[in-house]
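Here the structure is laid out as structure tokens; the discussion comes afterwards.
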2 protein chains.
Amino acid sequence: MNTYTEENYLKAIFKYSNRTKEGVSTNVIADELNTKASSVTDMIKKLSDKKLVLYKKYKGVTLTEAGRKIAVSVIRKHRLWEVFLVEKLDFKWDEVHDIAEQLEHIHSEELVKRLDTFLDNPKYDPHGDPIPDKDGNVNHHKDIILSDLKKNEKGIIVGVKEHSTSYLKYLESVGLILGTEIKVLEVIDFDHSMKIAINKKDTIISHQASKNLIIKKI
Amino acid sequence: MNTYTEENYLKAIFKYSNRTKEGVSTNVIADELNTKASSVTDMIKKLSDKKLVLYKKYKGVTLTEAGRKIAVSVIRKHRLWEVFLVEKLDFKWDEVHDIAEQLEHIHSEELVKRLDTFLDNPKYDPHGDPIPDKDGNVNHHKDIILSDLKKNEKGIIVGVKEHSTSYLKYLESVGLILGTEIKVLEVIDFDHSMKIAINKKDTIISHQASKNLIIKKI
DNA sequence: TATTATTTTTAGGTTAGTCTAAAAATATAT
DNA sequence: ATATATTTTTAGACTAACCTAAAAATAATA
């Protein structure tokens, strides 16, 4: 059994070790967890002793298979609980993160299994992030983002790359929720803002906003 | 915000300060929490500094109003989660305690409020224990227990005084679940075991079993 | 390549919660 | 009431997770 803190470290390392094969750096982890590099070094040694990460001094850290399993199971729990909070308790998608951060550390395999069943085995959480299956497989989105679309191309919103409350609230307020169909009407060369059509209404959104929306081309 | 551990101490003190006005003794708390008396003394000092308990050396400890509020709110959460686990996730009544021990420490007023609504504002948990309301009021059962009944008296099971898995499993196996109507057919003078009628079937139960069943006379 | 800047690690300390062993206070029994 | 037993507290130490400040390693730049 691992502590709350260990689980959070593993989650942070997982988050930054998806793309590259390089080890995740101490500072990146410290930043993600709002702690100091020296604390990270301490914890990494502990995780290394437990064979949950591979660690070479000054060379960053990578997850072992055991470490990855734990990280993914925590993420699975986080996302399942988010579905519960939104679908069953009627929370908004921008309100669930902090509560799920706590719930993800509840230890009970049976609970997760039953929760999954209760929620009808959802594949995505309320932000469109894929829910890992019980064996640790994750279905990542291919990263097509709205700002990649050209004039007259169309897509459906399937996720977000930025999870801040302010962004989520903004998206909801302009009708950019999961499943919404978008057509690009115009792209402004100067600042890459774009005019888009959603539900027969036109809106203009900034590059900052469009580059954080994951879409599926249609 | 209080830690997981502080909340458990407050809950333990609450548990043993219901009846008498005397302070709860260090050893009783140590026993309840599977820790040592010296650890309890330390924690009591901390809780006393925070004005959550009143403490006089060698004289035991009592909760302040602030401490009681926290204890009761943790118990409220515990029991609401137990209802969730049994009603929504189909856990058995003997399987939910350990999971609820974890869930009771999730901090979010909004979550508790919505969970309560989702569960239709239950008044009792799956073991018949009363769920404190959001203002901290608790509806205790009057303690009429099955072993107090005399021959030919009747009652309905409304709760248990012992929550061990083995007891709960036993009760379920012989059909002694909440709401069951019981008629006392005979009381054996020698060992206080009794013959009872439940759902038209007769059973014999030990004094040990009958003195832990809370009933309502009918 | 030598120097400077950045990152990472080490060294030493802190707090929360725990422990053991011994001392002090209270309770019990002769 | 004195001696004995029990309970509670103190003293000192431990681990987990964190910190600051300084040292060491690596990376970036002149």
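Numbering starts fresh at 1 for the residues of each chain in the structure tokens, the chains themselves are lettered A, B, ... in the order given, and ligands are numbered from 1 as they appear.
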
Within 8 Å of chain A: each chain D residue with its shortest pair, only C-alpha atoms (C1' of nucleotides), as a Markdown table:
```
| residue | atom | partner | partner_atom | distance |
| --- | --- | --- | --- | --- |
| D:DA17 | C1' | A:Ser39 | CA | 7.7 |
| D:DC18 | C1' | A:Ser39 | CA | 6.5 |
| D:DA25 | C1' | A:Tyr58 | CA | 7.4 |
| D:DT26 | C1' | A:Tyr58 | CA | 7.8 |
```

Go through chain C residue by residue and, counting only C-alpha atoms (C1' of nucleotides), keep those with an atom at most 10 Å from chain B; for each kept residue give the shortest atom pair and its distance in Å to one decimal, ordered by chain and increasing number, as CSV.
```
residue,atom,partner,partner_atom,distance
C:DA16,C1',B:Met43,CA,9.6
C:DG17,C1',B:Ser39,CA,7.7
C:DT18,C1',B:Ser39,CA,6.6
C:DC19,C1',B:Lys36,CA,8.0
C:DT20,C1',B:Ser38,CA,9.8
C:DA25,C1',B:Tyr58,CA,7.5
C:DT26,C1',B:Tyr58,CA,7.9
```

For a quick test of understanding: name the residues of chain B lying within 7 Å of chain A when counting only C-alpha atoms, and present them as number ranges by chain.
B: 89, 99, 102, 106, 108, 114-115, 118

Pairwise distance for CA of Glu87 in chain B and CA of Val74 in chain B, rounded to one decimal in Å:
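Those two atoms sit 19.9 Å apart.
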
Taking the chain letters and numbering used in this document, name the residues of range 14-170 of chain A that DSSP puts in helix (DSSP H, G or I), as a PyMOL selection string.
chain A and resi 14-16+26-32+37-49+65-88+97-103+109-118+146-148+165-170

Just the strand (DSSP E or B) stuff from range 74-194 of chain B, please, per backbone DSSP, written as a ChimeraX atom specification.
/B:124,130,145,154-160,181-187,194

Can you tell me, as a tab-separated table (two decimals) with C-alpha atoms, in the first residue's frame, what residues are no more than 7 Å from range 166-181 of chain A when counting only C-alpha atoms (C1' of nucleotides), ignoring any on the same chain fewer than 4 positions away?
```
chain	number	residue	atom	x	y	z
A	94	ASP	CA	-15.28	22.90	-13.67
A	155	GLY	CA	-14.95	19.05	-36.24
A	156	ILE	CA	-16.59	17.86	-33.03
A	157	ILE	CA	-15.25	18.79	-29.60
A	158	VAL	CA	-13.98	15.70	-27.82
A	159	GLY	CA	-11.74	17.10	-25.10
A	198	ILE	CA	-21.45	26.56	-33.35
```
